[in-house]
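Structure file target08.csv; described as CSV, C-alpha atoms.
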chain,number,residue,atom,x,y,z
M,1,MET,CA,-36.3,30.9,2.2
M,2,ALA,CA,-32.8,31.1,3.6
M,3,GLN,CA,-30.0,30.1,1.2
M,4,PRO,CA,-28.0,26.9,2.2
M,5,ALA,CA,-24.6,27.4,3.7
M,6,ARG,CA,-21.8,27.2,1.2
M,7,ALA,CA,-18.9,24.7,1.5
M,8,LEU,CA,-15.8,24.6,-0.7
M,9,VAL,CA,-13.8,21.4,-0.7
M,10,ILE,CA,-10.3,21.7,-2.0
M,11,GLY,CA,-9.2,18.3,-3.3
M,12,GLY,CA,-11.3,15.7,-5.1
M,13,GLY,CA,-9.7,12.5,-3.6
M,14,ILE,CA,-11.4,10.0,-1.4
M,15,GLY,CA,-11.5,12.2,1.7
M,16,GLY,CA,-12.6,15.3,-0.2
M,17,LEU,CA,-15.4,13.5,-2.1
M,18,ALA,CA,-16.6,11.8,1.1
M,19,ALA,CA,-16.7,15.1,2.9
M,20,ALA,CA,-18.6,16.7,0.0
M,21,ALA,CA,-21.1,13.9,0.1
M,22,ALA,CA,-21.6,14.2,3.9
M,23,LEU,CA,-22.0,17.9,3.7
M,24,HIS,CA,-24.3,17.8,0.7
M,25,GLY,CA,-26.4,15.2,2.5
M,26,ARG,CA,-26.8,17.6,5.4
M,27,GLY,CA,-28.0,20.4,3.2
M,28,TRP,CA,-24.9,22.4,2.4
M,29,ASP,CA,-24.3,23.9,-1.0
M,30,VAL,CA,-21.0,22.2,-1.9
M,31,THR,CA,-18.4,22.8,-4.6
M,32,VAL,CA,-15.4,20.5,-5.0
M,33,LEU,CA,-12.3,22.1,-6.5
M,34,GLU,CA,-9.8,19.5,-7.9
M,35,ARG,CA,-6.6,20.7,-9.6
M,36,ALA,CA,-6.2,17.6,-11.8
M,37,ARG,CA,-8.0,17.4,-15.1
M,38,SER,CA,-10.0,14.3,-14.0
M,39,LEU,CA,-10.9,12.4,-10.8
M,40,GLU,CA,-8.5,9.6,-11.8
M,41,PRO,CA,-7.1,8.6,-8.4
M,42,VAL,CA,-3.4,8.2,-7.5
M,43,GLY,CA,-2.6,4.7,-6.5
M,44,ALA,CA,-4.1,1.3,-7.4
M,45,ALA,CA,-6.3,-0.2,-4.6
M,46,ILE,CA,-7.4,0.7,-1.1
M,47,SER,CA,-8.2,-1.5,1.8
M,48,LEU,CA,-11.3,-0.5,3.8
M,49,ALA,CA,-11.6,-1.9,7.3
M,50,PRO,CA,-14.9,-2.1,9.2
M,51,ASN,CA,-14.5,1.4,10.7
M,52,ALA,CA,-14.4,3.0,7.3
M,53,LEU,CA,-17.2,0.8,6.0
M,54,ARG,CA,-19.4,2.0,8.9
M,55,ALA,CA,-18.5,5.6,7.9
M,56,LEU,CA,-19.6,4.8,4.4
M,57,ASP,CA,-22.9,3.5,5.9
M,58,VAL,CA,-23.6,7.1,6.9
M,59,LEU,CA,-23.3,8.1,3.3
M,60,GLY,CA,-25.5,5.2,2.2
M,61,ILE,CA,-23.0,3.1,0.3
M,62,GLY,CA,-21.5,0.8,2.9
M,63,ASP,CA,-23.3,-2.4,1.9
M,64,GLU,CA,-22.6,-1.8,-1.8
M,65,ILE,CA,-18.9,-1.5,-1.0
M,66,ARG,CA,-19.0,-4.6,1.3
M,67,ASP,CA,-20.3,-6.6,-1.6
M,68,LEU,CA,-16.9,-6.1,-3.3
M,69,ALA,CA,-15.0,-8.0,-0.6
M,70,ALA,CA,-12.7,-10.6,-2.1
M,71,TRP,CA,-10.7,-11.8,0.9
M,72,GLN,CA,-12.2,-15.1,2.0
M,73,GLY,CA,-10.8,-17.7,4.3
M,74,ASP,CA,-7.2,-17.7,5.4
M,75,GLY,CA,-4.3,-15.4,4.5
M,76,GLY,CA,-1.4,-14.4,6.5
M,77,LEU,CA,2.2,-13.4,6.9
M,78,ARG,CA,5.2,-15.2,5.2
M,79,THR,CA,8.9,-15.1,4.9
M,80,PRO,CA,10.6,-14.6,1.6
M,81,GLY,CA,11.2,-18.3,1.3
M,82,GLY,CA,7.5,-19.0,1.7
M,83,ARG,CA,7.2,-20.2,5.3
M,84,TRP,CA,4.1,-19.0,7.1
M,85,LEU,CA,4.8,-17.0,10.2
M,86,SER,CA,1.2,-16.5,11.0
M,87,ARG,CA,-2.3,-17.1,9.5
M,88,ALA,CA,-5.0,-14.6,9.3
M,89,ASP,CA,-8.7,-15.6,9.6
M,90,ALA,CA,-11.1,-13.4,7.8
M,91,GLU,CA,-14.1,-14.8,9.6
M,92,ALA,CA,-12.5,-14.2,13.0
M,93,ALA,CA,-11.6,-10.6,12.1
M,94,ALA,CA,-15.2,-10.0,10.8
M,95,ALA,CA,-16.6,-11.4,14.0
M,96,ARG,CA,-14.3,-9.3,16.2
M,97,PHE,CA,-14.9,-6.0,14.5
M,98,GLY,CA,-18.4,-6.4,13.1
M,99,GLY,CA,-17.6,-6.7,9.4
M,100,PRO,CA,-15.1,-7.7,6.7
M,101,VAL,CA,-12.0,-6.0,5.3
M,102,VAL,CA,-12.7,-4.9,1.7
M,103,LEU,CA,-10.0,-4.5,-0.9
M,104,LEU,CA,-11.1,-2.6,-4.0
M,105,PRO,CA,-9.7,-0.4,-6.8
M,106,ARG,CA,-9.4,3.2,-5.7
M,107,ALA,CA,-11.1,4.3,-8.9
M,108,THR,CA,-14.2,2.3,-7.9
M,109,LEU,CA,-14.6,4.0,-4.6
M,110,VAL,CA,-13.9,7.5,-6.1
M,111,GLY,CA,-16.5,6.9,-8.8
M,112,ARG,CA,-19.1,5.7,-6.2
M,113,LEU,CA,-18.5,8.8,-4.0
M,114,ALA,CA,-18.6,11.2,-6.9
M,115,ALA,CA,-22.0,9.6,-7.9
M,116,LEU,CA,-23.4,10.8,-4.6
M,117,LEU,CA,-23.0,14.4,-5.7
M,118,PRO,CA,-25.2,16.4,-8.1
M,119,PRO,CA,-23.9,17.2,-11.6
M,120,GLY,CA,-21.6,20.3,-11.6
M,121,VAL,CA,-20.5,20.0,-8.0
M,122,VAL,CA,-17.0,18.7,-8.9
M,123,ARG,CA,-14.9,21.2,-10.8
M,124,THR,CA,-11.7,19.6,-12.3
M,125,ALA,CA,-8.7,21.6,-13.5
M,126,SER,CA,-9.5,24.0,-10.7
M,127,ALA,CA,-6.4,24.7,-8.6
M,128,ALA,CA,-7.4,26.6,-5.5
M,129,THR,CA,-5.6,28.8,-3.0
M,130,LEU,CA,-6.9,29.8,0.4
M,131,VAL,CA,-6.9,33.6,0.6
M,132,GLU,CA,-8.6,34.2,3.9
M,133,PRO,CA,-9.7,31.6,6.5
M,134,GLY,CA,-12.6,33.7,7.7
M,135,ASP,CA,-14.0,33.9,11.3
M,136,SER,CA,-17.3,34.2,13.1
M,137,ARG,CA,-18.1,37.5,11.3
M,138,ARG,CA,-16.9,36.9,7.8
M,139,PRO,CA,-16.7,34.0,5.3
M,140,ALA,CA,-13.6,32.2,4.2
M,141,ARG,CA,-12.3,33.2,0.7
M,142,VAL,CA,-10.6,31.0,-1.9
M,143,SER,CA,-9.1,31.9,-5.2
M,144,THR,CA,-9.0,29.7,-8.3
M,145,GLY,CA,-6.9,32.1,-10.3
M,146,THR,CA,-9.8,33.2,-12.4
M,147,GLN,CA,-12.3,34.0,-9.6
M,148,GLU,CA,-12.6,34.4,-5.9
M,149,LEU,CA,-15.2,32.3,-4.0
M,150,GLU,CA,-16.6,32.8,-0.5
M,151,ALA,CA,-17.9,30.1,1.8
M,152,GLU,CA,-19.0,29.5,5.3
M,153,LEU,CA,-16.8,26.4,5.3
M,154,VAL,CA,-13.6,25.4,3.4
M,155,VAL,CA,-12.3,21.9,3.6
M,156,GLY,CA,-8.6,21.3,3.0
M,157,ALA,CA,-8.5,17.8,1.5
M,158,ASP,CA,-5.5,18.5,-0.7
M,159,GLY,CA,-3.2,15.7,0.4
M,160,ILE,CA,0.1,15.3,2.1
M,161,ASN,CA,1.6,18.5,0.6
M,162,SER,CA,-1.4,20.5,1.5
M,163,ARG,CA,-1.2,24.2,0.6
M,164,VAL,CA,-4.2,24.8,2.8
M,165,ARG,CA,-2.4,23.3,5.8
M,166,THR,CA,0.6,25.5,5.1
M,167,ALA,CA,-1.6,28.6,4.9
M,168,LEU,CA,-3.2,27.8,8.2
M,169,PHE,CA,-0.1,26.7,10.1
M,170,PRO,CA,2.9,28.2,8.3
M,171,ARG,CA,5.3,27.3,11.1
M,172,HIS,CA,4.4,23.6,11.2
M,173,PRO,CA,7.4,21.5,9.8
M,174,GLY,CA,5.1,19.4,7.5
M,175,PRO,CA,5.7,15.9,6.3
M,176,VAL,CA,9.1,14.0,6.5
M,177,TYR,CA,10.4,11.0,4.7
M,178,ALA,CA,9.5,7.7,6.4
M,179,GLY,CA,12.7,6.0,5.2
M,180,PHE,CA,11.2,3.7,2.6
M,181,THR,CA,9.6,3.8,-0.8
M,182,THR,CA,6.6,1.8,-2.2
M,183,TRP,CA,5.7,0.1,-5.5
M,184,ARG,CA,2.1,-0.9,-6.5
M,185,VAL,CA,0.7,-2.8,-9.4
M,186,MET,CA,-2.9,-3.9,-10.2
M,187,ILE,CA,-3.0,-6.4,-13.0
M,188,PRO,CA,-4.6,-9.6,-14.3
M,189,VAL,CA,-2.5,-12.7,-13.6
M,190,PRO,CA,-4.0,-15.6,-15.5
M,191,GLY,CA,-4.2,-18.8,-13.6
M,192,ALA,CA,-2.9,-17.4,-10.3
M,193,GLN,CA,-4.3,-19.2,-7.3
M,194,PHE,CA,-3.0,-18.1,-3.9
M,195,ALA,CA,-4.0,-17.0,-0.4
M,196,SER,CA,-3.9,-13.3,0.4
M,197,HIS,CA,-0.6,-12.6,2.1
M,198,GLU,CA,2.1,-10.2,3.1
M,199,THR,CA,5.7,-11.2,3.1
M,200,TRP,CA,8.4,-9.6,5.4
M,201,GLY,CA,12.0,-9.7,4.6
M,202,ARG,CA,15.0,-7.6,5.7
M,203,GLY,CA,14.1,-4.0,5.0
M,204,ARG,CA,11.6,-5.2,2.4
M,205,ILE,CA,8.0,-6.3,2.3
M,206,TRP,CA,5.7,-7.6,-0.4
M,207,GLY,CA,1.9,-8.1,-0.4
M,208,THR,CA,-0.2,-10.0,-2.9
M,209,HIS,CA,-4.1,-9.9,-2.8
M,210,PRO,CA,-6.8,-11.0,-5.2
M,211,LEU,CA,-9.5,-8.6,-6.1
M,212,LYS,CA,-13.1,-9.5,-6.8
M,213,ASP,CA,-12.9,-8.3,-10.4
M,214,GLY,CA,-10.2,-11.0,-11.1
M,215,ARG,CA,-7.2,-8.8,-11.0
M,216,VAL,CA,-4.3,-9.0,-8.5
M,217,TYR,CA,-3.2,-6.1,-6.3
M,218,ALA,CA,0.4,-6.3,-5.3
M,219,TYR,CA,2.5,-3.8,-3.4
M,220,ALA,CA,6.1,-3.7,-2.2
M,221,ALA,CA,8.3,-1.5,0.0
M,222,ALA,CA,12.0,-1.2,0.6
M,223,VAL,CA,14.2,0.9,2.8
M,224,THR,CA,16.0,3.2,0.4
M,225,PRO,CA,17.2,6.9,0.3
M,226,ALA,CA,14.5,9.4,-0.7
M,227,GLY,CA,14.0,10.4,-4.3
M,228,GLY,CA,15.6,7.2,-5.8
M,229,ARG,CA,14.6,5.8,-9.1
M,230,ALA,CA,15.6,2.6,-10.9
M,231,PRO,CA,18.5,3.0,-13.4
M,232,ASP,CA,16.4,1.1,-16.0
M,233,ASP,CA,12.7,0.7,-15.0
M,234,GLU,CA,10.8,-0.1,-11.9
M,235,LYS,CA,9.8,-3.6,-13.0
M,236,ALA,CA,13.5,-4.4,-13.3
M,237,GLU,CA,14.0,-2.9,-9.8
M,238,LEU,CA,11.2,-5.2,-8.4
M,239,LEU,CA,12.8,-8.2,-10.0
M,240,ARG,CA,16.1,-7.4,-8.4
M,241,LEU,CA,14.6,-6.9,-5.0
M,242,PHE,CA,11.9,-9.6,-5.0
M,243,GLY,CA,12.4,-11.9,-8.0
M,244,ASP,CA,13.6,-14.8,-5.9
M,245,TRP,CA,10.9,-14.6,-3.3
M,246,HIS,CA,8.2,-17.3,-3.0
M,247,ASP,CA,5.3,-18.0,-5.4
M,248,PRO,CA,3.2,-16.3,-6.6
M,249,ILE,CA,5.5,-13.3,-6.5
M,250,PRO,CA,7.5,-14.4,-9.6
M,251,ALA,CA,4.3,-15.0,-11.5
M,252,VAL,CA,3.0,-11.5,-10.6
M,253,LEU,CA,6.3,-9.9,-11.7
M,254,ALA,CA,6.2,-11.9,-15.0
M,255,ALA,CA,2.8,-10.6,-15.8
M,256,THR,CA,3.8,-7.0,-14.9
M,257,ARG,CA,4.8,-4.5,-17.6
M,258,PRO,CA,7.2,-1.6,-16.6
M,259,GLU,CA,4.3,0.9,-17.2
M,260,ASP,CA,2.1,-1.0,-14.7
M,261,VAL,CA,4.3,-0.1,-11.8
M,262,LEU,CA,3.7,2.9,-9.6
M,263,ARG,CA,6.5,4.1,-7.3
M,264,HIS,CA,6.2,6.6,-4.5
M,265,ASP,CA,8.3,7.6,-1.5
M,266,VAL,CA,6.4,7.4,1.8
M,267,HIS,CA,6.2,10.6,3.8
M,268,HIS,CA,4.3,11.2,7.0
M,269,ILE,CA,3.5,13.9,9.5
M,270,THR,CA,5.5,13.3,12.7
M,271,THR,CA,4.6,16.5,14.5
M,272,PRO,CA,0.8,16.6,15.1
M,273,LEU,CA,-0.9,19.8,14.1
M,274,PRO,CA,-2.2,22.0,16.9
M,275,ALA,CA,-5.7,21.7,15.5
M,276,TYR,CA,-7.5,20.4,12.4
M,277,HIS,CA,-9.2,23.7,11.9
M,278,SER,CA,-8.7,27.5,11.9
M,279,GLY,CA,-11.3,30.1,11.3
M,280,ARG,CA,-13.8,28.5,8.9
M,281,VAL,CA,-11.4,26.0,7.5
M,282,ALA,CA,-11.1,22.3,8.4
M,283,LEU,CA,-8.4,19.9,7.3
M,284,LEU,CA,-8.9,16.2,6.8
M,285,GLY,CA,-7.1,13.1,5.5
M,286,ASP,CA,-3.4,13.3,4.6
M,287,ALA,CA,-3.5,17.1,4.8
M,288,ALA,CA,-4.1,16.7,8.5
M,289,HIS,CA,-2.4,13.5,9.6
M,290,ALA,CA,-0.5,11.7,6.8
M,291,MET,CA,0.7,8.3,8.1
M,292,PRO,CA,2.7,5.3,6.9
M,293,PRO,CA,0.6,2.7,5.1
M,294,THR,CA,1.6,-0.1,7.6
M,295,LEU,CA,-1.8,-0.3,9.2
M,296,GLY,CA,-3.8,0.4,6.0
M,297,GLN,CA,-5.6,3.2,7.7
M,298,GLY,CA,-4.7,6.4,5.8
M,299,GLY,CA,-7.8,6.4,3.5
M,300,ASN,CA,-9.9,4.8,6.2
M,301,GLN,CA,-9.2,7.7,8.6
M,302,ALA,CA,-9.9,10.2,5.8
M,303,VAL,CA,-13.4,8.7,5.4
M,304,GLU,CA,-13.9,8.8,9.1
M,305,ASP,CA,-12.9,12.5,9.1
M,306,ALA,CA,-15.4,13.2,6.4
M,307,VAL,CA,-18.4,11.9,8.1
M,308,VAL,CA,-17.5,13.4,11.5
M,309,LEU,CA,-16.9,16.8,9.7
M,310,GLY,CA,-20.4,16.4,8.2
M,311,HIS,CA,-21.7,16.0,11.7
M,312,ARG,CA,-19.6,18.8,13.2
M,313,ALA,CA,-19.4,21.3,10.4
M,314,ASP,CA,-21.0,24.0,12.5
M,315,ASP,CA,-18.6,23.4,15.4
M,316,LEU,CA,-15.1,23.0,14.1
M,317,PRO,CA,-13.4,22.9,17.5
M,318,ALA,CA,-15.6,19.8,18.2
M,319,TYR,CA,-14.4,18.3,15.0
M,320,THR,CA,-10.8,18.8,16.1
M,321,ALA,CA,-11.5,17.4,19.5
M,322,ALA,CA,-13.1,14.3,17.9
M,323,ARG,CA,-10.4,13.6,15.3
M,324,LEU,CA,-7.0,14.9,16.4
M,325,PRO,CA,-6.4,12.5,19.4
M,326,ARG,CA,-7.6,9.5,17.5
M,327,THR,CA,-5.7,10.0,14.3
M,328,THR,CA,-2.5,11.1,16.2
M,329,ALA,CA,-2.6,7.8,18.1
M,330,ILE,CA,-3.2,5.7,15.0
M,331,ALA,CA,-0.4,7.5,13.1
M,332,ARG,CA,2.0,6.8,15.9
M,333,GLN,CA,1.0,3.2,15.9
M,334,ALA,CA,1.6,3.0,12.2
M,335,VAL,CA,5.1,4.4,12.7
M,336,LYS,CA,5.8,1.7,15.3
M,337,VAL,CA,4.6,-1.1,13.0
M,338,ALA,CA,6.9,0.3,10.2
M,339,ARG,CA,9.9,0.0,12.5
M,340,VAL,CA,9.1,-3.7,12.9
M,341,ASN,CA,8.2,-4.8,9.4
M,342,MET,CA,10.9,-2.7,7.8
M,343,ALA,CA,13.6,-3.9,10.2
M,344,GLU,CA,17.0,-4.4,8.4
M,345,SER,CA,19.4,-6.2,10.7
M,346,ARG,CA,19.5,-10.0,10.7
M,347,ALA,CA,19.2,-10.1,14.4
M,348,ALA,CA,16.1,-7.9,14.6
M,349,VAL,CA,14.5,-9.9,11.8
M,350,ALA,CA,15.2,-13.2,13.5
M,351,VAL,CA,13.7,-11.9,16.8
M,352,ARG,CA,10.7,-10.4,15.0
M,353,ASN,CA,9.9,-13.7,13.1
M,354,THR,CA,10.4,-15.8,16.3
M,355,VAL,CA,8.0,-13.6,18.3
M,356,ILE,CA,5.4,-13.5,15.5
M,357,THR,CA,5.5,-17.3,15.1
M,358,ALA,CA,5.2,-17.8,18.9
M,359,LEU,CA,2.3,-15.4,19.1
M,360,SER,CA,0.5,-17.0,16.2
M,361,LYS,CA,0.4,-20.4,18.0
M,362,THR,CA,-1.7,-18.8,20.8
M,363,GLY,CA,-4.5,-17.9,18.4
M,364,PRO,CA,-5.3,-15.2,15.9
M,365,ALA,CA,-7.0,-13.0,18.5
M,366,LEU,CA,-3.6,-11.8,19.7
M,367,PHE,CA,-2.9,-10.2,16.3
M,368,LEU,CA,-6.4,-8.9,15.9
M,369,ARG,CA,-6.0,-7.0,19.2
M,370,GLY,CA,-3.7,-4.6,17.4
M,371,PHE,CA,-6.7,-3.2,15.7
M,372,ASP,CA,-8.9,-2.9,18.8
M,373,GLY,CA,-9.9,0.7,19.1
M,374,ILE,CA,-9.3,1.2,15.3
M,375,ALA,CA,-11.4,-1.2,13.3
M,376,ASP,CA,-14.3,-1.2,15.9
M,377,TRP,CA,-14.9,2.6,15.6
M,378,ARG,CA,-18.4,3.7,15.0
M,379,PRO,CA,-19.6,7.1,13.7
M,380,PRO,CA,-20.9,9.6,16.4
M,381,TYR,CA,-24.6,9.3,15.3
M,382,ALA,CA,-27.7,7.9,16.8
M,383,ALA,CA,-28.5,4.3,15.7
M,384,GLY,CA,-29.9,4.3,12.2
M,385,GLU,CA,-29.1,8.0,11.5
M,386,THR,CA,-27.9,8.7,8.0
M,387,VAL,CA,-27.3,11.7,5.9
M,388,LYS,CA,-30.2,12.7,3.7
M,389,ARG,CA,-29.8,12.5,-0.1
Mind turning the file's structure into structure tokens?
Amino acid sequence: MAQPARALVIGGGIGGLAAAAALHGRGWDVTVLERARSLEPVGAAISLAPNALRALDVLGIGDEIRDLAAWQGDGGLRTPGGRWLSRADAEAAAARFGGPVVLLPRATLVGRLAALLPPGVVRTASAATLVEPGDSRRPARVSTGTQELEAELVVGADGINSRVRTALFPRHPGPVYAGFTTWRVMIPVPGAQFASHETWGRGRIWGTHPLKDGRVYAYAAAVTPAGGRAPDDEKAELLRLFGDWHDPIPAVLAATRPEDVLRHDVHHITTPLPAYHSGRVALLGDAAHAMPPTLGQGGNQAVEDAVVLGHRADDLPAYTAARLPRTTAIARQAVKVARVNMAESRAAVAVRNTVITALSKTGPALFLRGFDGIADWRPPYAAGETVKR
């Protein structure tokens, strides 16, 4: 009996684990090499739109993840003083795109994806370096520092500062600073009752969303020079920036401890890669197309990448053809949205808020159209086809 083809996945985040699950389900002998000592994910929560949930259907866990949906009824967009600029209707969004938006802890998704893999597939504390991308006549080679591994496929899922990407495309300029930084917290807030919302100010935004497990996920962003840090602590910085904004923001901040706050500058890839593959190596997720979080599609696109790669692993040019145009367009749209919601001038903010309010009066469908072609994506499989497990 012929031995199964070997795949090495460099990076054990959401995209890497999803790719490993897709490849394993199609009969590949998969090893995941994760440099961290555990699969503890960076970040707090992740929003999964219907396009990513349909990708997870291919892996067999879509319905399980849908059951974690917490956003029910109305939410929307507000000003710092609390005025509603627009209302969002969860039922209308689900009807338009064929499913809900699910917000869940990243750790939950990482754990569920890891559970799709056999014991021993994931190797933590295993930093990996691409030695040779391989070609049609020879396998790719990867070094872990203590051993060298060969594979018919290497997946670079090693994030925005991908060393695999640099090895494949050394002349590519890589990611650039997007002009703003983000903060995230995921905490219990006793007694908090609120509609899921995002609030846009001048060069600042805040989002507050309930999770099904009873906790609150909140995030913030502000235009600021790269590399900045609070002179005291990041909770104090959030209080300075957002402490006088509408309820429930003060209650969330009051329940937050300094150690609960994560802060990260936002970087993105502005120059598209020439391809998402070279030799026997494929890139996915932030390693291929890091984008601002303004559409909530970074992780979603990584999951899409993973299931398409599982389908196209024997034809990497077809993988690039399927993924590069789509992700490039979505990344550019995310940049355009960032320019709007992070606007700093009073005049630009006034015009923005007036336009949003006017559009909202014509019905929620106008806002939902911004996700046409994104949230309605479906995997390139025949109806009912799933990977085998």
- Task: Would you list the residues near (-16.4, 10.5, -0.8) (no more than 12 Å away, in the coordinates of the file, using only C-alpha atoms) as JSON, numbers by chain?
- Result: {"M": [9, 11, 12, 13, 14, 15, 16, 17, 18, 19, 20, 21, 22, 23, 24, 25, 32, 39, 52, 53, 55, 56, 57, 58, 59, 60, 61, 62, 106, 107, 108, 109, 110, 111, 112, 113, 114, 115, 116, 117, 122, 157, 285, 299, 300, 302, 303, 304, 305, 306, 307, 310]}
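Closest approach to Val261 in chain M among M:Thr182, M:Ser126, M:Ser278, M:Ser143 is made by M:Thr182 (distances from all atoms listed in the file).
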- Local residues around (14.2, -5.1, -5.3), at most 10 Å away, using all atoms listed in the file, as a list in words: Trp183, Arg204, Ile205, Ala220, Ala221, Ala222, Ala230, Glu234, Lys235, Ala236, Glu237, Leu238, Leu239, Arg240, Leu241, Phe242, Gly243 and Asp244 of chain M
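Of note, CA of Ala167 in chain M and CA of Thr327 in chain M are spaced 21.2 Å apart.
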- For the atom pair CA of Arg229 in chain M and CA of Leu262 in chain M, what is the interatomic distance in Å to one decimal place? 11.3 Å
What would range 96-112 of chain M look like with N, CA, C and O atoms in place, written as a PDB file, in the frame of the given file?
ATOM      1  N   ARG M  96     -14.857 -10.196  15.186  1.00  0.00           N
ATOM      2  CA  ARG M  96     -14.300  -9.300  16.200  1.00  0.00           C
ATOM      3  C   ARG M  96     -14.727  -7.872  16.013  1.00  0.00           C
ATOM      4  O   ARG M  96     -15.053  -7.129  16.960  1.00  0.00           O
ATOM      5  N   PHE M  97     -14.687  -7.430  14.748  1.00  0.00           N
ATOM      6  CA  PHE M  97     -14.900  -6.000  14.500  1.00  0.00           C
ATOM      7  C   PHE M  97     -16.196  -5.685  13.780  1.00  0.00           C
ATOM      8  O   PHE M  97     -16.447  -4.549  13.416  1.00  0.00           O
ATOM      9  N   GLY M  98     -17.024  -6.699  13.583  1.00  0.00           N
ATOM     10  CA  GLY M  98     -18.400  -6.400  13.100  1.00  0.00           C
ATOM     11  C   GLY M  98     -18.446  -6.246  11.583  1.00  0.00           C
ATOM     12  O   GLY M  98     -19.385  -5.614  11.097  1.00  0.00           O
ATOM     13  N   GLY M  99     -17.508  -6.804  10.836  1.00  0.00           N
ATOM     14  CA  GLY M  99     -17.600  -6.700   9.400  1.00  0.00           C
ATOM     15  C   GLY M  99     -16.288  -7.091   8.727  1.00  0.00           C
ATOM     16  O   GLY M  99     -15.270  -7.301   9.393  1.00  0.00           O
ATOM     17  N   PRO M 100     -16.304  -7.204   7.394  1.00  0.00           N
ATOM     18  CA  PRO M 100     -15.100  -7.700   6.700  1.00  0.00           C
ATOM     19  C   PRO M 100     -14.146  -6.525   6.385  1.00  0.00           C
ATOM     20  O   PRO M 100     -14.450  -5.345   6.581  1.00  0.00           O
ATOM     21  N   VAL M 101     -12.964  -6.912   5.919  1.00  0.00           N
ATOM     22  CA  VAL M 101     -12.000  -6.000   5.300  1.00  0.00           C
ATOM     23  C   VAL M 101     -12.250  -6.085   3.788  1.00  0.00           C
ATOM     24  O   VAL M 101     -12.283  -7.185   3.244  1.00  0.00           O
ATOM     25  N   VAL M 102     -12.427  -4.956   3.125  1.00  0.00           N
ATOM     26  CA  VAL M 102     -12.700  -4.900   1.700  1.00  0.00           C
ATOM     27  C   VAL M 102     -11.534  -4.308   0.960  1.00  0.00           C
ATOM     28  O   VAL M 102     -11.099  -3.199   1.305  1.00  0.00           O
ATOM     29  N   LEU M 103     -11.036  -4.985  -0.044  1.00  0.00           N
ATOM     30  CA  LEU M 103     -10.000  -4.500  -0.900  1.00  0.00           C
ATOM     31  C   LEU M 103     -10.588  -4.204  -2.267  1.00  0.00           C
ATOM     32  O   LEU M 103     -11.157  -5.122  -2.872  1.00  0.00           O
ATOM     33  N   LEU M 104     -10.489  -2.991  -2.761  1.00  0.00           N
ATOM     34  CA  LEU M 104     -11.100  -2.600  -4.000  1.00  0.00           C
ATOM     35  C   LEU M 104     -10.271  -1.579  -4.745  1.00  0.00           C
ATOM     36  O   LEU M 104      -9.478  -0.874  -4.107  1.00  0.00           O
ATOM     37  N   PRO M 105     -10.425  -1.446  -6.068  1.00  0.00           N
ATOM     38  CA  PRO M 105      -9.700  -0.400  -6.800  1.00  0.00           C
ATOM     39  C   PRO M 105     -10.114   0.992  -6.270  1.00  0.00           C
ATOM     40  O   PRO M 105     -11.300   1.248  -6.003  1.00  0.00           O
ATOM     41  N   ARG M 106      -9.135   1.869  -6.119  1.00  0.00           N
ATOM     42  CA  ARG M 106      -9.400   3.200  -5.700  1.00  0.00           C
ATOM     43  C   ARG M 106     -10.413   3.907  -6.648  1.00  0.00           C
ATOM     44  O   ARG M 106     -11.276   4.678  -6.219  1.00  0.00           O
ATOM     45  N   ALA M 107     -10.268   3.623  -7.934  1.00  0.00           N
ATOM     46  CA  ALA M 107     -11.100   4.300  -8.900  1.00  0.00           C
ATOM     47  C   ALA M 107     -12.600   3.892  -8.675  1.00  0.00           C
ATOM     48  O   ALA M 107     -13.505   4.706  -8.909  1.00  0.00           O
ATOM     49  N   THR M 108     -12.859   2.670  -8.206  1.00  0.00           N
ATOM     50  CA  THR M 108     -14.200   2.300  -7.900  1.00  0.00           C
ATOM     51  C   THR M 108     -14.822   3.085  -6.792  1.00  0.00           C
ATOM     52  O   THR M 108     -15.962   3.563  -6.875  1.00  0.00           O
ATOM     53  N   LEU M 109     -14.056   3.266  -5.717  1.00  0.00           N
ATOM     54  CA  LEU M 109     -14.600   4.000  -4.600  1.00  0.00           C
ATOM     55  C   LEU M 109     -14.720   5.512  -4.964  1.00  0.00           C
ATOM     56  O   LEU M 109     -15.725   6.146  -4.603  1.00  0.00           O
ATOM     57  N   VAL M 110     -13.743   6.071  -5.680  1.00  0.00           N
ATOM     58  CA  VAL M 110     -13.900   7.500  -6.100  1.00  0.00           C
ATOM     59  C   VAL M 110     -15.096   7.660  -6.969  1.00  0.00           C
ATOM     60  O   VAL M 110     -15.865   8.619  -6.786  1.00  0.00           O
ATOM     61  N   GLY M 111     -15.325   6.748  -7.905  1.00  0.00           N
ATOM     62  CA  GLY M 111     -16.500   6.900  -8.800  1.00  0.00           C
ATOM     63  C   GLY M 111     -17.793   6.785  -7.991  1.00  0.00           C
ATOM     64  O   GLY M 111     -18.748   7.521  -8.275  1.00  0.00           O
ATOM     65  N   ARG M 112     -17.843   5.900  -6.994  1.00  0.00           N
ATOM     66  CA  ARG M 112     -19.100   5.700  -6.200  1.00  0.00           C
ATOM     67  C   ARG M 112     -19.345   6.974  -5.347  1.00  0.00           C
ATOM     68  O   ARG M 112     -20.491   7.404  -5.199  1.00  0.00           O
TER      69      ARG M 112
END
